[in-house]
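**Q** Structure: entry11.cif, mmCIF, C-alpha atoms.
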```cif
data_work
#
loop_
_atom_site.label_atom_id
_atom_site.label_comp_id
_atom_site.auth_asym_id
_atom_site.auth_seq_id
_atom_site.Cartn_x
_atom_site.Cartn_y
_atom_site.Cartn_z
CA MET A 1 4.52 -20.92 -31.41
CA HIS A 2 5.88 -17.76 -29.77
CA LYS A 3 6.15 -18.22 -26.01
CA LYS A 4 4.91 -15.43 -23.75
CA LYS A 5 7.68 -13.60 -21.93
CA PHE A 6 7.91 -14.35 -18.21
CA ILE A 7 6.35 -11.56 -16.11
CA PRO A 8 7.93 -11.17 -12.65
CA VAL A 9 6.05 -9.64 -9.73
CA ASN A 10 8.47 -6.70 -9.68
CA ILE A 11 11.62 -5.42 -11.32
CA PRO A 12 13.18 -2.29 -9.80
CA ILE A 13 13.65 0.50 -12.30
CA ILE A 14 17.24 1.75 -12.20
CA THR A 15 17.72 4.53 -14.75
CA ASN A 16 20.92 5.70 -16.38
CA GLU A 17 20.74 8.77 -14.17
CA ASP A 18 20.51 6.55 -11.07
CA ALA A 19 23.54 4.55 -12.21
CA LEU A 20 25.53 7.72 -12.98
CA GLU A 21 24.88 9.14 -9.50
CA VAL A 22 26.05 5.89 -7.92
CA TYR A 23 29.11 5.80 -10.19
CA LYS A 24 30.09 9.37 -9.29
CA THR A 25 29.72 8.57 -5.59
CA VAL A 26 31.87 5.45 -5.88
CA LYS A 27 34.54 7.41 -7.76
CA SER A 28 34.51 10.09 -5.06
CA GLY A 29 35.74 7.55 -2.54
CA TRP A 30 32.93 8.34 -0.06
CA VAL A 31 31.39 4.90 -0.19
CA SER A 32 30.49 3.98 3.40
CA SER A 33 28.54 5.65 6.19
CA SER A 34 30.28 8.99 5.94
CA GLY A 35 29.46 11.39 3.16
CA ILE A 36 27.30 14.39 2.39
CA LYS A 37 24.72 12.46 0.37
CA ILE A 38 23.44 10.70 3.50
CA ASN A 39 22.64 14.02 5.17
CA GLU A 40 21.11 15.34 1.96
CA PHE A 41 18.91 12.26 1.57
CA GLU A 42 17.81 12.40 5.21
CA ASN A 43 16.93 16.09 4.92
CA LYS A 44 14.91 15.57 1.75
CA LEU A 45 13.07 12.60 3.24
CA ALA A 46 12.24 14.62 6.37
CA LYS A 47 10.82 17.39 4.19
CA PHE A 48 8.95 14.85 2.06
CA THR A 49 7.19 13.44 5.13
CA ASN A 50 6.78 16.75 6.99
CA ARG A 51 9.05 15.57 9.79
CA LYS A 52 11.74 17.36 11.79
CA PHE A 53 14.19 14.48 11.82
CA CYS A 54 15.12 11.54 9.62
CA CYS A 55 17.81 8.95 10.24
CA CYS A 56 18.65 6.40 7.53
CA VAL A 57 19.61 2.84 8.48
CA SER A 58 20.60 -0.42 6.83
CA ASN A 59 17.06 -1.76 6.26
CA GLY A 60 13.43 -1.48 7.35
CA THR A 61 13.76 -4.22 9.95
CA ALA A 62 16.65 -2.36 11.58
CA ALA A 63 14.48 0.76 11.63
CA LEU A 64 11.78 -1.08 13.60
CA GLU A 65 14.26 -2.59 16.06
CA ILE A 66 15.79 0.82 16.76
CA ALA A 67 12.32 2.37 17.08
CA VAL A 68 11.33 -0.08 19.83
CA LYS A 69 14.63 0.23 21.75
CA SER A 70 14.76 4.03 21.51
CA LEU A 71 11.36 4.22 23.22
CA GLU A 72 12.81 2.14 26.08
CA ILE A 73 10.35 -0.67 25.48
CA GLY A 74 11.54 -3.88 27.10
CA LYS A 75 10.87 -6.63 29.61
CA ASP A 76 7.28 -6.77 30.96
CA ASP A 77 6.09 -4.25 28.33
CA GLU A 78 3.48 -5.16 25.71
CA VAL A 79 3.30 -3.96 22.11
CA ILE A 80 0.16 -4.46 20.01
CA THR A 81 0.61 -5.30 16.33
CA PRO A 82 -1.46 -7.18 13.72
CA ALA A 83 -1.19 -10.91 13.15
CA PHE A 84 -1.18 -10.23 9.39
CA THR A 85 2.10 -8.47 8.65
CA ILE A 86 5.77 -9.08 7.91
CA ILE A 87 7.64 -10.93 10.67
CA SER A 88 9.92 -7.90 11.15
CA ASN A 89 7.27 -6.25 13.30
CA ALA A 90 7.14 -9.10 15.80
CA ASN A 91 10.91 -9.65 15.64
CA ALA A 92 11.61 -6.03 16.61
CA ILE A 93 9.44 -6.39 19.70
CA ILE A 94 10.83 -9.79 20.71
CA LYS A 95 14.48 -8.73 20.26
CA ASN A 96 13.83 -5.98 22.78
CA PHE A 97 12.44 -8.56 25.27
CA ALA A 98 8.89 -7.17 25.13
CA LYS A 99 5.69 -9.15 24.59
CA VAL A 100 3.95 -9.22 21.20
CA VAL A 101 0.18 -8.83 21.52
CA LEU A 102 -1.60 -9.74 18.29
CA VAL A 103 -4.85 -8.45 16.86
CA ASP A 104 -6.80 -9.45 13.76
CA SER A 105 -7.18 -7.56 10.49
CA ASP A 106 -10.00 -5.53 9.02
CA PRO A 107 -11.63 -7.68 6.30
CA THR A 108 -12.05 -4.70 3.92
CA THR A 109 -8.72 -2.88 4.10
CA TRP A 110 -6.62 -5.80 5.47
CA ASN A 111 -5.09 -3.35 7.96
CA ILE A 112 -5.06 -3.67 11.74
CA ASN A 113 -8.55 -4.07 13.26
CA ILE A 114 -9.07 -1.01 15.42
CA ASP A 115 -11.87 -2.52 17.53
CA ASP A 116 -9.54 -5.39 18.39
CA ILE A 117 -6.84 -2.95 19.49
CA LYS A 118 -9.15 -1.54 22.16
CA LYS A 119 -9.80 -5.02 23.55
CA LYS A 120 -6.11 -5.86 23.88
CA ILE A 121 -4.86 -2.79 25.74
CA THR A 122 -3.73 -3.48 29.31
CA SER A 123 -1.79 -1.60 31.99
CA ARG A 124 1.40 -3.03 30.45
CA THR A 125 0.72 -1.81 26.90
CA LYS A 126 3.60 0.50 25.98
CA ALA A 127 3.00 0.95 22.24
CA ILE A 128 0.96 0.08 19.18
CA MET A 129 3.01 -0.85 16.11
CA VAL A 130 0.93 -0.17 13.01
CA PRO A 131 2.11 -1.41 9.60
CA HIS A 132 0.14 -0.06 6.65
CA ILE A 133 -0.76 -3.06 4.47
CA TYR A 134 -0.28 -3.26 0.69
CA GLY A 135 -2.21 -0.23 -0.57
CA PHE A 136 -4.21 1.52 2.11
CA PRO A 137 -3.01 3.31 5.20
CA ALA A 138 -4.56 2.25 8.48
CA ASP A 139 -7.16 4.65 9.89
CA MET A 140 -4.62 6.79 11.71
CA GLU A 141 -7.00 9.33 13.23
CA LYS A 142 -8.71 6.61 15.27
CA ILE A 143 -5.43 4.96 16.25
CA ILE A 144 -3.84 8.25 17.32
CA SER A 145 -6.91 8.97 19.44
CA ILE A 146 -6.48 5.63 21.24
CA CYS A 147 -2.77 6.26 21.82
CA LYS A 148 -3.37 9.72 23.26
CA LYS A 149 -6.20 8.54 25.49
CA LYS A 150 -4.22 5.60 26.84
CA LYS A 151 -0.87 7.44 26.86
CA ILE A 152 0.93 4.85 24.79
CA TYR A 153 3.43 5.22 21.94
CA LEU A 154 2.59 4.87 18.26
CA ILE A 155 5.17 3.22 15.98
CA GLU A 156 4.10 3.67 12.36
CA ASP A 157 5.55 1.16 9.90
CA ALA A 158 5.12 2.94 6.56
CA ALA A 159 7.49 0.63 4.65
CA GLU A 160 4.96 0.03 1.88
CA MET A 161 3.56 3.56 1.81
CA ILE A 162 6.28 5.91 0.53
CA GLY A 163 4.30 8.66 -1.20
CA GLN A 164 0.92 7.61 0.22
CA LYS A 165 -1.26 10.08 2.12
CA TYR A 166 -3.91 9.77 4.80
CA ASN A 167 -6.39 12.67 4.70
CA ASN A 168 -3.79 14.41 2.52
CA ILE A 169 -1.11 14.04 5.22
CA PRO A 170 1.99 11.97 4.31
CA CYS A 171 2.32 8.47 5.68
CA GLY A 172 5.47 8.38 7.75
CA SER A 173 4.40 11.49 9.66
CA PHE A 174 1.99 10.00 12.22
CA GLY A 175 3.97 7.97 14.74
CA ASP A 176 6.02 9.02 17.71
CA ILE A 177 8.43 7.14 15.49
CA SER A 178 7.73 6.14 11.87
CA THR A 179 9.74 3.95 9.50
CA PHE A 180 10.34 3.40 5.78
CA SER A 181 11.97 0.57 3.85
CA PHE A 182 13.94 1.00 0.62
CA TYR A 183 14.07 -2.68 -0.34
CA ALA A 184 14.12 -3.46 -4.08
CA ASN A 185 10.34 -3.82 -4.36
CA LYS A 186 9.48 -0.52 -2.64
CA HIS A 187 8.41 2.67 -4.46
CA ILE A 188 11.96 3.94 -4.27
CA THR A 189 14.89 1.64 -3.61
CA THR A 190 18.45 1.83 -2.36
CA GLY A 191 18.86 -1.95 -2.73
CA GLU A 192 18.48 -2.43 0.98
CA GLY A 193 17.94 0.42 3.41
CA GLY A 194 15.44 2.07 5.68
CA ALA A 195 14.63 5.33 7.44
CA ILE A 196 13.36 6.39 10.86
CA PHE A 197 11.35 9.59 11.41
CA THR A 198 10.46 11.55 14.53
CA ASN A 199 9.78 15.09 15.68
CA ASN A 200 11.43 14.50 19.05
CA ARG A 201 15.03 15.74 19.26
CA LYS A 202 15.87 13.51 22.23
CA LEU A 203 14.62 10.44 20.35
CA GLU A 204 16.53 11.45 17.23
CA LYS A 205 19.75 11.62 19.23
CA LYS A 206 19.11 8.17 20.71
CA ILE A 207 18.23 6.72 17.28
CA ARG A 208 21.51 7.97 15.81
CA GLU A 209 23.44 6.38 18.67
CA LEU A 210 21.64 3.06 18.33
CA ARG A 211 22.30 2.76 14.60
CA ASN A 212 26.04 3.22 15.22
CA LEU A 213 27.07 0.99 18.13
CA SER A 214 26.50 3.74 20.75
CA PHE A 215 30.11 4.91 20.69
CA GLY A 216 31.27 6.85 23.75
CA LYS A 217 31.73 10.62 23.68
CA LYS A 218 35.02 10.93 25.63
CA ASN A 219 36.36 7.43 24.94
CA ARG A 220 34.99 6.35 21.55
CA PHE A 221 35.40 2.65 22.28
CA ASN A 222 33.73 2.78 25.67
CA HIS A 223 30.19 2.13 24.42
CA THR A 224 27.14 3.52 26.24
CA ASP A 225 24.44 1.00 25.23
CA LEU A 226 23.82 -2.37 23.60
CA SER A 227 23.19 -1.42 20.01
CA TRP A 228 24.04 -2.34 16.44
CA ASN A 229 25.88 -1.41 13.29
CA TYR A 230 22.79 -0.51 11.28
CA ARG A 231 24.44 2.26 9.29
CA PHE A 232 23.42 3.50 5.84
CA THR A 233 25.96 4.13 3.09
CA ASN A 234 26.72 7.12 0.90
CA ILE A 235 26.31 4.86 -2.15
CA GLN A 236 22.76 3.97 -1.06
CA ALA A 237 21.98 7.64 -0.45
CA ALA A 238 23.13 8.55 -3.97
CA LEU A 239 20.71 6.02 -5.45
CA GLY A 240 17.91 7.11 -3.12
CA LEU A 241 18.32 10.80 -3.96
CA SER A 242 18.10 10.04 -7.66
CA GLN A 243 15.03 7.84 -7.23
CA LEU A 244 13.30 10.35 -4.95
CA LYS A 245 13.26 12.84 -7.84
CA ARG A 246 10.82 10.52 -9.65
CA ILE A 247 8.56 9.63 -6.73
CA LYS A 248 5.49 11.49 -8.09
CA ASN A 249 5.72 9.69 -11.43
CA ILE A 250 6.30 6.36 -9.69
CA ILE A 251 3.17 6.79 -7.55
CA LYS A 252 1.17 7.94 -10.58
CA ARG A 253 2.14 4.82 -12.51
CA LYS A 254 1.48 2.55 -9.50
CA LYS A 255 -2.04 3.93 -9.26
CA GLU A 256 -2.58 3.55 -13.00
CA ILE A 257 -1.60 -0.13 -12.85
CA GLY A 258 -3.74 -0.74 -9.77
CA ASN A 259 -6.76 1.01 -11.26
CA ILE A 260 -6.58 -1.07 -14.45
CA TYR A 261 -6.53 -4.23 -12.35
CA TYR A 262 -9.30 -2.97 -10.06
CA ASN A 263 -11.67 -2.04 -12.90
CA ASN A 264 -11.22 -5.45 -14.51
CA PHE A 265 -11.44 -7.54 -11.32
CA LYS A 266 -14.07 -5.70 -9.28
CA ASP A 267 -16.94 -7.76 -10.76
CA ASN A 268 -15.22 -11.14 -10.42
CA LYS A 269 -17.19 -12.82 -7.62
CA ASN A 270 -14.52 -15.43 -7.04
CA ILE A 271 -11.95 -13.01 -5.66
CA LEU A 272 -11.80 -10.37 -2.95
CA ILE A 273 -9.75 -7.22 -3.57
CA GLN A 274 -9.06 -4.08 -1.57
CA PRO A 275 -11.34 -1.13 -2.38
CA ASN A 276 -10.14 1.53 -4.77
CA LYS A 277 -10.90 4.42 -2.42
CA LEU A 278 -11.99 5.13 1.12
CA LYS A 279 -12.97 8.46 2.64
CA TYR A 280 -9.45 9.05 3.94
CA ALA A 281 -7.28 7.71 1.10
CA SER A 282 -7.14 6.30 -2.40
CA ASN A 283 -5.31 3.02 -2.90
CA ILE A 284 -1.66 3.52 -3.78
CA TYR A 285 -1.31 -0.13 -4.93
CA TRP A 286 2.16 -0.93 -3.64
CA VAL A 287 1.12 -4.41 -4.73
CA PHE A 288 -2.15 -5.65 -6.20
CA GLY A 289 -3.48 -8.49 -4.09
CA ILE A 290 -6.36 -10.89 -4.64
CA VAL A 291 -7.96 -13.27 -2.16
CA LEU A 292 -9.60 -16.42 -3.52
CA ARG A 293 -13.14 -17.27 -2.45
CA ASN A 294 -16.20 -19.34 -3.40
CA LYS A 295 -15.21 -22.43 -5.40
CA PHE A 296 -11.53 -21.39 -5.43
CA HIS A 297 -11.27 -21.07 -1.65
CA ASN A 298 -8.28 -23.06 -0.32
CA LYS A 299 -6.88 -23.60 -3.85
CA LYS A 300 -4.18 -20.94 -3.80
CA LEU A 301 -1.20 -23.14 -4.69
CA GLU A 302 -3.12 -24.70 -7.59
CA ILE A 303 -4.06 -21.27 -8.99
CA GLN A 304 -0.55 -19.88 -8.54
CA LYS A 305 0.85 -22.88 -10.40
CA LYS A 306 -1.57 -22.35 -13.29
CA LEU A 307 -0.53 -18.71 -13.54
CA LEU A 308 3.15 -19.64 -13.42
CA ASN A 309 2.54 -22.05 -16.30
CA LYS A 310 1.26 -19.01 -18.17
CA ASN A 311 4.52 -17.17 -17.32
CA ILE A 312 2.90 -14.99 -14.65
CA GLU A 313 4.79 -14.88 -11.36
CA THR A 314 2.81 -14.35 -8.16
CA ARG A 315 3.82 -13.93 -4.54
CA PRO A 316 1.96 -15.25 -1.47
CA PHE A 317 0.65 -12.88 1.19
CA PHE A 318 2.25 -12.57 4.61
CA TRP A 319 1.93 -15.66 6.81
CA PRO A 320 0.24 -14.77 10.13
CA MET A 321 2.41 -14.36 13.20
CA HIS A 322 0.62 -16.97 15.32
CA LYS A 323 1.21 -19.56 12.57
CA GLN A 324 4.95 -18.91 12.21
CA SER A 325 7.08 -22.02 12.79
CA ILE A 326 9.64 -20.20 14.93
CA PHE A 327 7.00 -18.68 17.18
CA LYS A 328 5.33 -22.08 17.62
CA LYS A 329 8.67 -23.44 18.81
CA MET A 330 8.83 -20.55 21.25
CA SER A 331 5.22 -21.19 22.38
CA LEU A 332 4.40 -17.50 21.95
CA PHE A 333 0.82 -17.56 20.65
CA GLU A 334 -0.69 -20.80 21.84
CA ASN A 335 -4.43 -21.31 21.24
CA GLU A 336 -4.78 -17.93 19.53
CA SER A 337 -6.98 -17.47 16.47
CA TYR A 338 -7.22 -14.58 14.02
CA PRO A 339 -9.68 -15.68 11.32
CA VAL A 340 -9.33 -12.71 8.95
CA ALA A 341 -5.53 -12.88 9.02
CA GLU A 342 -5.69 -16.64 8.49
CA ASN A 343 -8.00 -16.30 5.49
CA LEU A 344 -5.85 -13.59 3.89
CA SER A 345 -2.72 -15.67 4.32
CA LYS A 346 -4.27 -18.94 3.17
CA ASN A 347 -6.07 -17.55 0.12
CA GLY A 348 -4.21 -14.38 -0.84
CA PHE A 349 -1.42 -13.63 -3.30
CA TYR A 350 -0.39 -10.65 -5.35
CA LEU A 351 0.11 -10.13 -9.05
CA PRO A 352 2.90 -8.39 -10.99
CA SER A 353 2.67 -4.63 -10.40
CA GLY A 354 6.15 -3.16 -10.86
CA VAL A 355 6.44 0.29 -12.39
CA GLY A 356 8.03 -1.18 -15.52
CA LEU A 357 4.98 -3.35 -16.27
CA LYS A 358 3.56 -2.66 -19.75
CA ASN A 359 -0.17 -2.25 -20.39
CA ASN A 360 -0.22 -5.20 -22.80
CA GLN A 361 1.28 -7.34 -20.03
CA ILE A 362 -1.36 -6.11 -17.57
CA ASN A 363 -4.11 -6.96 -20.07
CA TYR A 364 -2.64 -10.44 -20.57
CA ILE A 365 -2.54 -11.00 -16.80
CA ILE A 366 -6.14 -9.80 -16.40
CA LYS A 367 -7.41 -12.03 -19.20
CA THR A 368 -5.53 -15.04 -17.84
CA VAL A 369 -6.68 -14.54 -14.25
CA ASN A 370 -10.31 -14.03 -15.23
CA ASN A 371 -10.24 -17.09 -17.49
CA ILE A 372 -8.81 -19.26 -14.70
CA LEU A 373 -11.07 -17.81 -12.00
CA SER A 374 -14.31 -17.68 -13.95
#
```
Translate this file's structure into structure tokens.
**A**
Amino acid sequence: MHKKKFIPVNIPIITNEDALEVYKTVKSGWVSSSGIKINEFENKLAKFTNRKFCCCVSNGTAALEIAVKSLEIGKDDEVITPAFTIISNANAIIKNFAKVVLVDSDPTTWNINIDDIKKKITSRTKAIMVPHIYGFPADMEKIISICKKKKIYLIEDAAEMIGQKYNNIPCGSFGDISTFSFYANKHITTGEGGAIFTNNRKLEKKIRELRNLSFGKKNRFNHTDLSWNYRFTNIQAALGLSQLKRIKNIIKRKKEIGNIYYNNFKDNKNILIQPNKLKYASNIYWVFGIVLRNKFHNKKLEIQKKLLNKNIETRPFFWPMHKQSIFKKMSLFENESYPVAENLSKNGFYLPSGVGLKNNQINYIIKTVNNILS
């Protein structure tokens, strides 16, 4: 019997044109953090997000760490962020000696719960760090209103939202500082890599210093701040520039894949999925996630194993910050509970949704999932 081909959650699409641009850059000898392609990529990204300034860095986590430090957030300051997100958000705050203040998630969009934000603001709150989760942007209009009223910074983590729009305005354009990631599973990739956006010239200058060890002006090796080597390479920029040319087609295909899944899963009562549209955005489907419920509640590992036996790879959702082993050792979030985040993490996983996924593979996944979860 013919065995079904294994379907991974994502395979980055690297075209011949992408490879040729990288090859030409390597042959030019401009392979590290000097080279015209970095400036070109930064300028095109700034234009793409309607921002004045863009600074590329080594990865999305580095972008968040620089964002926090450049805003002079530190000891005795508090930064609000959701419990349900990648650990990079909390790490960036902790590495800058500030306090992470967690809030729960919205049960419909899985984004940060805005009502909970209001309850957690204190006189020490310096910023809100808002990661957009999986397919929908957070409700930025409401969050910006809170930040302006309370005079606190907004750090927008748009790592999963390259090409997404909120009320027809690009994600990555809302924060005092906003960030992207170009990891291999993102809409465009440079292997690793990230970007930081702002409209503030003073912040841009500080960001560029912090990504490059804060070298001195008169004496280069007399450094002016504690910072990092978080530089971006000309090779990465060459790949990013080539990929950015296809961003509209990539987003179009992502939405096509997500809509096929949505239309075939929306009536399955045993799973919860994000909505297809809200008044301020349509789902971009960076990944397509499902959350088990009813008789399949608390059976995630069993279901994932059954799908793997059918050659369908899945990936678990983020594990909530207050449940992280390292943060338990540090006694950071003792006796804290975030029920929506806990349910998403315990019962959620996402299905294959890479741009290279074929429709016959999608149909096979849908049929298999619905058979198992009927």
**Q** Skip A:Arg315 itself and residues of its chain fewer than 5 positions away, then list as a PyMOL selection string all residues within 8 Å of it, counting only C-alpha atoms.
**A** chain A and resi 9+349-351
**Q** Evaluate the PyMOL selection byres ((chain A and resi 194) around 6) against this structure - the residues, as a PyMOL selection string, please.
**A** chain A and resi 56-60+180-182+193+195
**Q** Would you work out the distance separating atom CA of A:Pro131 from atom CA of A:Lys44, expressed in Å to one decimal?
**A**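 Result for atom CA of A:Pro131 versus atom CA of A:Lys44: 22.7 Å, one decimal.
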**Q** Report as a compact mmCIF listing (two decimals) with C-alpha atoms, in the frame of the given file all protein, DNA and RNA residues lying within 9 Å of A:Ile188, evaluated on only C-alpha atoms, omitting residues in the same chain fewer than 6 positions from it.
**A**
```
# COMPACT_ATOMS: atom_id res chain seq x y z
CA PRO A 12 13.18 -2.29 -9.80
CA ILE A 13 13.65 0.50 -12.30
CA ILE A 162 6.28 5.91 0.53
CA SER A 181 11.97 0.57 3.85
CA PHE A 182 13.94 1.00 0.62
CA GLY A 240 17.91 7.11 -3.12
CA GLN A 243 15.03 7.84 -7.23
CA LEU A 244 13.30 10.35 -4.95
CA ARG A 246 10.82 10.52 -9.65
CA ILE A 247 8.56 9.63 -6.73
CA ILE A 250 6.30 6.36 -9.69
```
**Q** Once the PyMOL selection byres ((chain A and resi 274-279) around 12) is applied to the coordinates I shared, what remains selected? I want it as number ranges by chain.
**A** A: 106-111, 133-139, 165-168, 255-263, 265-266, 271-273, 280-291, 344, 348, 350
**Q** So, with all atoms listed in the file as the atoms that count, which of A:Lys37, A:Lys305, A:Lys148, A:His322 lies closest to A:Ala83?
**A**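 Closest residue, counting all atoms listed in the file: A:His322.
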**Q** What do you get, as a compact mmCIF listing (two decimals) with C-alpha atoms, in the frame of the given file, if you spell out every residue that the PyMOL selection byres ((chain A and resi 8) around 12) selects here?
**A**
```txt
# COMPACT_ATOMS: atom_id res chain seq x y z
CA LYS A 5 7.68 -13.60 -21.93
CA PHE A 6 7.91 -14.35 -18.21
CA ILE A 7 6.35 -11.56 -16.11
CA VAL A 9 6.05 -9.64 -9.73
CA ASN A 10 8.47 -6.70 -9.68
CA ILE A 11 11.62 -5.42 -11.32
CA PRO A 12 13.18 -2.29 -9.80
CA ASN A 185 10.34 -3.82 -4.36
CA LEU A 307 -0.53 -18.71 -13.54
CA LEU A 308 3.15 -19.64 -13.42
CA LYS A 310 1.26 -19.01 -18.17
CA ASN A 311 4.52 -17.17 -17.32
CA ILE A 312 2.90 -14.99 -14.65
CA GLU A 313 4.79 -14.88 -11.36
CA THR A 314 2.81 -14.35 -8.16
CA ARG A 315 3.82 -13.93 -4.54
CA TYR A 350 -0.39 -10.65 -5.35
CA LEU A 351 0.11 -10.13 -9.05
CA PRO A 352 2.90 -8.39 -10.99
CA SER A 353 2.67 -4.63 -10.40
CA GLY A 354 6.15 -3.16 -10.86
CA VAL A 355 6.44 0.29 -12.39
CA GLY A 356 8.03 -1.18 -15.52
CA LEU A 357 4.98 -3.35 -16.27
CA LYS A 358 3.56 -2.66 -19.75
CA GLN A 361 1.28 -7.34 -20.03
CA ILE A 362 -1.36 -6.11 -17.57
CA ILE A 365 -2.54 -11.00 -16.80
```
**Q** Here is a test: counting all atoms listed in the file, which residue of A:Cys171, A:Ala184, A:Leu213, A:Val79 is nearest to A:Cys147?
**A**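 So, comparing all the options, the nearest one is A:Val79.
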**Q** If we count only C-alpha atoms and set the cut-off at 12 Å, which residues sit around A:Lys269, ignoring sequence neighbours fewer than 4 positions away in its own chain? Please answer as a VMD selection string.
**A** chain A and resid 264 to 265 273 290 to 297 370 373 to 374
**Q** Measure the distance from atom CA of A:Asn298 to atom CA of A:Trp319 in Å and round it to one decimal.
**A** 14.5 Å
**Q** Taking all atoms of stretch 361-371 of chain A that appear in the file, build a box with edges along x, y and z, extend it by 6 Å on every side, and state its centre and edge lengths in Å to one decimal, as lines of an AutoDock Vina configuration file.
**A**
```
center_x = -4.5
center_y = -11.6
center_z = -17.4
size_x = 23.6
size_y = 23.0
size_z = 18.3
```
**Q** Ranking A:Ala158, A:Ala341, A:Leu301, A:Ile93 by minimum distance to A:Thr49 and counting only C-alpha atoms, which one comes first?
**A** A:Ala158
